[in-house]
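Listing of model.cif; format and content: mmCIF, C-alpha atoms.
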```
data_upload
#
loop_
_atom_site.label_atom_id
_atom_site.label_comp_id
_atom_site.auth_asym_id
_atom_site.auth_seq_id
_atom_site.Cartn_x
_atom_site.Cartn_y
_atom_site.Cartn_z
CA GLY A 122 130.08 56.95 116.63
CA GLU A 123 126.52 57.90 115.82
CA SER A 124 125.40 61.47 115.35
CA VAL A 125 122.57 62.70 117.47
CA GLY A 126 121.06 64.86 114.80
CA LEU A 127 121.72 65.96 111.23
CA HIS A 128 120.39 69.49 111.58
CA LEU A 129 121.96 70.69 114.82
CA PRO A 130 123.52 74.13 115.08
CA THR A 131 127.27 73.61 115.09
CA LEU A 132 129.98 75.55 116.90
CA SER A 133 133.50 74.91 115.69
CA VAL A 134 136.38 76.11 117.89
CA GLN A 135 140.12 75.66 118.08
CA GLU A 136 141.58 73.68 120.93
CA GLY A 137 142.47 76.04 123.76
CA ASP A 138 139.93 78.69 122.81
CA ASN A 139 136.89 79.50 124.91
CA SER A 140 133.48 78.26 123.74
CA ILE A 141 130.11 79.86 124.26
CA ILE A 142 126.99 77.83 123.61
CA ASN A 143 123.66 79.61 123.67
CA CYS A 144 120.15 78.51 124.45
CA ALA A 145 116.83 80.32 124.33
CA TYR A 146 113.97 79.06 126.44
CA SER A 147 110.33 79.86 126.00
CA ASN A 148 108.66 79.20 129.33
CA SER A 149 108.92 82.23 131.59
CA ALA A 150 107.68 80.05 134.46
CA SER A 151 110.82 77.88 134.34
CA ASP A 152 112.91 78.27 137.47
CA TYR A 153 115.64 75.71 137.07
CA PHE A 154 117.99 75.04 134.20
CA ILE A 155 120.54 72.36 133.44
CA TRP A 156 123.20 71.86 130.81
CA TYR A 157 123.85 68.34 129.61
CA LYS A 158 126.64 67.01 127.42
CA GLN A 159 126.02 64.09 125.10
CA GLU A 160 128.97 62.34 123.52
CA SER A 161 128.51 60.13 120.50
CA GLY A 162 126.90 56.84 121.44
CA LYS A 163 126.24 57.85 125.05
CA GLY A 164 123.44 59.25 127.15
CA PRO A 165 123.25 62.89 128.26
CA GLN A 166 125.59 63.70 131.12
CA PHE A 167 125.01 66.45 133.70
CA ILE A 168 127.42 69.40 133.46
CA ILE A 169 126.06 72.25 135.56
CA ASP A 170 122.78 73.68 136.75
CA ILE A 171 121.42 77.06 137.83
CA ARG A 172 118.34 78.26 139.62
CA SER A 173 116.39 81.28 138.45
CA ASN A 174 117.42 83.34 141.50
CA MET A 175 120.98 83.35 140.18
CA ASP A 176 122.55 85.04 137.15
CA LYS A 177 125.78 83.11 137.05
CA ARG A 178 127.22 79.88 138.34
CA GLN A 179 130.71 78.52 137.87
CA GLY A 180 132.04 75.02 137.80
CA GLN A 181 135.31 73.51 136.75
CA ARG A 182 136.13 75.17 133.38
CA VAL A 183 132.42 75.85 132.82
CA THR A 184 130.22 78.84 133.59
CA VAL A 185 126.48 79.14 133.07
CA LEU A 186 124.88 82.55 132.62
CA LEU A 187 121.16 83.15 132.91
CA ASN A 188 119.36 86.21 131.56
CA LYS A 189 115.73 85.92 132.61
CA THR A 190 114.77 89.20 130.92
CA VAL A 191 115.37 87.78 127.46
CA LYS A 192 114.98 84.12 128.47
CA HIS A 193 118.49 83.23 127.46
CA LEU A 194 120.97 80.78 128.87
CA SER A 195 124.60 80.30 127.89
CA LEU A 196 127.32 77.80 128.69
CA GLN A 197 130.91 78.98 128.59
CA ILE A 198 133.69 76.43 128.39
CA ALA A 199 137.18 77.71 129.10
CA ALA A 200 140.24 76.36 127.30
CA THR A 201 138.19 73.97 125.17
CA GLN A 202 139.70 70.52 124.77
CA PRO A 203 139.12 67.77 122.17
CA GLY A 204 137.26 65.81 124.85
CA ASP A 205 134.69 68.59 124.99
CA SER A 206 133.47 67.67 121.50
CA ALA A 207 129.85 66.63 121.95
CA VAL A 208 126.27 67.81 121.63
CA TYR A 209 125.24 70.20 124.40
CA PHE A 210 121.64 70.50 125.52
CA CYS A 211 120.01 72.99 127.81
CA ALA A 212 116.99 71.79 129.76
CA GLU A 213 114.41 73.55 131.88
CA LYS A 214 111.92 72.78 134.61
CA SER A 215 108.80 74.71 135.54
CA VAL A 216 108.04 76.49 138.75
CA GLY A 217 105.85 74.60 141.15
CA SER A 218 105.83 71.57 138.95
CA ALA A 219 104.82 68.34 140.61
CA THR A 220 107.33 66.54 138.45
CA ASN A 221 111.05 66.70 137.86
CA LYS A 222 110.64 66.12 134.13
CA LEU A 223 112.99 68.28 132.10
CA ILE A 224 112.18 69.90 128.79
CA PHE A 225 115.17 69.86 126.48
CA GLY A 226 116.29 72.30 123.82
CA THR A 227 117.38 71.16 120.38
CA GLY A 228 121.08 70.95 121.15
CA THR A 229 124.31 72.41 119.77
CA LEU A 230 127.13 70.36 118.34
CA LEU A 231 130.53 71.54 119.59
CA ALA A 232 133.39 70.52 117.31
CA VAL A 233 136.87 71.13 118.71
CA GLN A 234 139.61 71.40 116.11
CA PRO A 235 143.08 70.28 117.25
CA ASP B 87 128.88 54.28 134.23
CA SER B 88 125.99 56.51 135.30
CA GLY B 89 124.34 53.83 137.43
CA VAL B 90 121.27 53.72 135.19
CA THR B 91 121.18 50.47 133.23
CA GLN B 92 119.26 50.01 130.00
CA THR B 93 118.77 46.87 127.96
CA PRO B 94 118.99 46.01 125.17
CA LYS B 95 121.57 48.43 123.77
CA HIS B 96 120.52 47.73 120.21
CA LEU B 97 117.34 46.23 118.79
CA ILE B 98 116.33 45.67 115.19
CA THR B 99 112.80 44.63 114.41
CA ALA B 100 110.13 44.84 111.73
CA THR B 101 107.11 47.06 111.34
CA GLY B 102 104.07 45.85 113.23
CA GLN B 103 106.12 44.13 115.91
CA ARG B 104 106.24 44.80 119.63
CA VAL B 105 109.32 45.35 121.78
CA THR B 106 110.07 45.93 125.44
CA LEU B 107 112.86 48.15 126.68
CA ARG B 108 114.08 47.78 130.24
CA CYS B 109 115.59 50.24 132.68
CA SER B 110 117.09 49.84 136.13
CA PRO B 111 117.40 53.18 137.91
CA ARG B 112 120.36 54.35 139.93
CA SER B 113 120.43 52.88 143.41
CA GLY B 114 118.21 54.93 145.72
CA ASP B 115 116.37 56.77 142.94
CA LEU B 116 112.60 56.44 143.03
CA SER B 117 111.69 58.28 139.83
CA VAL B 118 112.16 56.93 136.33
CA TYR B 119 111.73 58.94 133.14
CA TRP B 120 111.60 57.81 129.53
CA TYR B 121 112.76 60.01 126.67
CA GLN B 122 112.81 59.46 122.93
CA GLN B 123 115.60 60.92 120.83
CA SER B 124 115.19 60.91 117.06
CA LEU B 125 117.20 62.76 114.46
CA ASP B 126 114.69 65.51 113.88
CA GLN B 127 113.00 65.79 117.27
CA GLY B 128 115.73 66.03 119.87
CA LEU B 129 115.03 64.66 123.34
CA GLN B 130 111.28 64.26 123.80
CA PHE B 131 109.82 63.45 127.21
CA LEU B 132 107.54 60.43 127.14
CA ILE B 133 106.54 59.50 130.69
CA GLN B 134 107.61 59.55 134.35
CA TYR B 135 107.00 57.06 137.12
CA TYR B 136 107.57 57.60 140.80
CA ASN B 137 107.64 54.67 143.19
CA GLY B 138 105.45 52.62 140.92
CA GLU B 139 102.93 55.28 139.98
CA GLU B 140 102.65 57.34 136.82
CA ARG B 141 103.44 61.00 137.65
CA ALA B 142 103.73 62.82 134.35
CA LYS B 143 102.96 62.13 130.75
CA GLY B 144 104.43 63.75 127.68
CA ASN B 145 103.99 63.10 124.00
CA ILE B 146 103.71 59.37 124.35
CA LEU B 147 101.79 57.55 121.66
CA GLU B 148 98.88 55.29 122.57
CA ARG B 149 100.84 52.41 121.03
CA PHE B 150 103.45 52.92 123.76
CA SER B 151 103.03 52.07 127.40
CA ALA B 152 105.25 51.86 130.43
CA GLN B 153 105.26 50.68 133.99
CA GLN B 154 107.45 50.71 137.06
CA PHE B 155 107.69 47.59 139.14
CA PRO B 156 108.00 47.20 142.94
CA ASP B 157 111.76 46.78 142.61
CA LEU B 158 111.71 50.17 140.82
CA HIS B 159 112.88 48.94 137.45
CA SER B 160 110.81 50.15 134.55
CA GLU B 161 109.79 48.83 131.16
CA LEU B 162 108.72 50.73 128.07
CA ASN B 163 106.54 48.72 125.70
CA LEU B 164 106.33 49.77 122.08
CA SER B 165 103.74 48.02 119.92
CA SER B 166 102.56 48.09 116.30
CA LEU B 167 105.92 49.54 115.45
CA GLU B 168 106.30 51.93 112.55
CA LEU B 169 109.38 53.09 110.69
CA GLY B 170 109.13 56.45 112.44
CA ASP B 171 109.58 54.80 115.84
CA SER B 172 113.23 54.20 115.03
CA ALA B 173 115.09 56.25 117.61
CA LEU B 174 117.21 56.18 120.71
CA TYR B 175 115.17 55.61 123.85
CA PHE B 176 116.69 56.90 127.06
CA CYS B 177 115.79 56.16 130.60
CA ALA B 178 116.73 58.56 133.37
CA SER B 179 116.27 58.45 137.11
CA SER B 180 116.21 60.94 139.97
CA PRO B 181 115.93 60.65 143.72
CA ALA B 182 112.51 62.22 143.98
CA ARG B 183 109.27 62.90 142.17
CA ALA B 184 109.82 66.64 142.32
CA GLY B 185 111.85 68.89 144.47
CA SER B 186 113.38 72.25 145.04
CA SER B 187 116.92 71.18 145.78
CA SER B 188 119.38 70.89 142.95
CA GLY B 189 120.16 67.30 143.74
CA ALA B 190 116.54 66.31 143.48
CA ASN B 191 116.18 67.99 140.11
CA VAL B 192 119.09 66.36 138.31
CA LEU B 193 118.20 63.47 136.04
CA THR B 194 120.83 60.80 135.51
CA PHE B 195 120.59 59.14 132.12
CA GLY B 196 121.39 55.66 130.96
CA ALA B 197 123.28 54.88 127.77
CA GLY B 198 120.09 54.35 125.80
CA SER B 199 118.50 51.64 123.68
CA ARG B 200 118.75 52.11 119.94
CA LEU B 201 115.66 50.82 118.17
CA THR B 202 115.69 50.29 114.43
CA VAL B 203 112.40 49.41 112.75
CA LEU B 204 112.77 47.99 109.23
#
```

Show me, as structure tokens, the structure contained in the file I just sent.
Amino acid sequence: GESVGLHLPTLSVQEGDNSIINCAYSNSASDYFIWYKQESGKGPQFIIDIRSNMDKRQGQRVTVLLNKTVKHLSLQIAATQPGDSAVYFCAEKSVGSATNKLIFGTGTLLAVQP
Amino acid sequence: DSGVTQTPKHLITATGQRVTLRCSPRSGDLSVYWYQQSLDQGLQFLIQYYNGEERAKGNILERFSAQQFPDLHSELNLSSLELGDSALYFCASSPARAGSSSGANVLTFGAGSRLTVL
């Protein structure tokens, strides 16, 4: 497969461990955040989202935490599996925006070791 | 299959040439977005169309242009190509132009078109 980027932060975890991927955003006006997963050779795929009126949201094996005070977002993956290996992007959208365009972070490469 | 179709998947061309990338949005989606992904820039927003009209513009070069047709498919035209234009170009779609509900905010991406300029 093709790599998305040569200079991405990388998180290496053992299969079965929990993973935490972090993201800092800069726009305090952002009110909606999404995590996307991009596997090699594929387009970004929606994982989970959270609105700014929430601190935490859980999905299947994934949890997103939002700390608006320090403008920080994290994605927790429980019992990480080899299929979770991918680049993970956080994305944000601004309050009152007349467009649904998302602004993406730089991404983190998650490498799951068997 | 995300429902967003992009063609071609791969394209190799020379500097100075012009190419057209095509995108068919997911059924029912009215908004189309174009993003560029290069090795050192991540996912950069280029432009958004909603129901045929341009709605938002990002860091799109003047050499690039796009349009959305009445059947809602979109084309991204890249001209006077330079080596630095080599990248993955993604199309995404969403149901609406903008919205407060989670469903309206989620962008669904296609598999991308890889452009290589030699």

* **Resolved residues for the PyMOL selection byres ((chain B and resi 94) around 9) as an MDAnalysis selection string** => chainID B and resid 92:93 95:97 106:108 198:200

* Tell me which residues the PyMOL selection byres ((chain A) within 10 of (chain B)) grabs here, as an NGL selection string. => :A and (124-129 or 152-155 or 157 or 159 or 162-167 or 169-172 or 210 or 212 or 214 or 216-228)

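Using all atoms listed in the file, every residue with an atom at most 7 Å from the point (127.8, 76.8, 120.4) is listed here: Thr131, Leu132, Ser140, Ile141, Ile142, Asn143, Thr229, Leu230 and Leu231 of chain A.
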
* Translate the PyMOL selection byres ((chain A and resi 190) around 12), as applied to the file shown, into an explicit residue set as a VMD selection string. => chain A and resid 145 to 149 173 176 187 to 189 191 to 194

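Shortest atom-to-atom contact with Tyr209 in chain A among A:Ile168, A:Asn139, A:Pro130, A:Lys158: A:Lys158, counting only C-alpha atoms.
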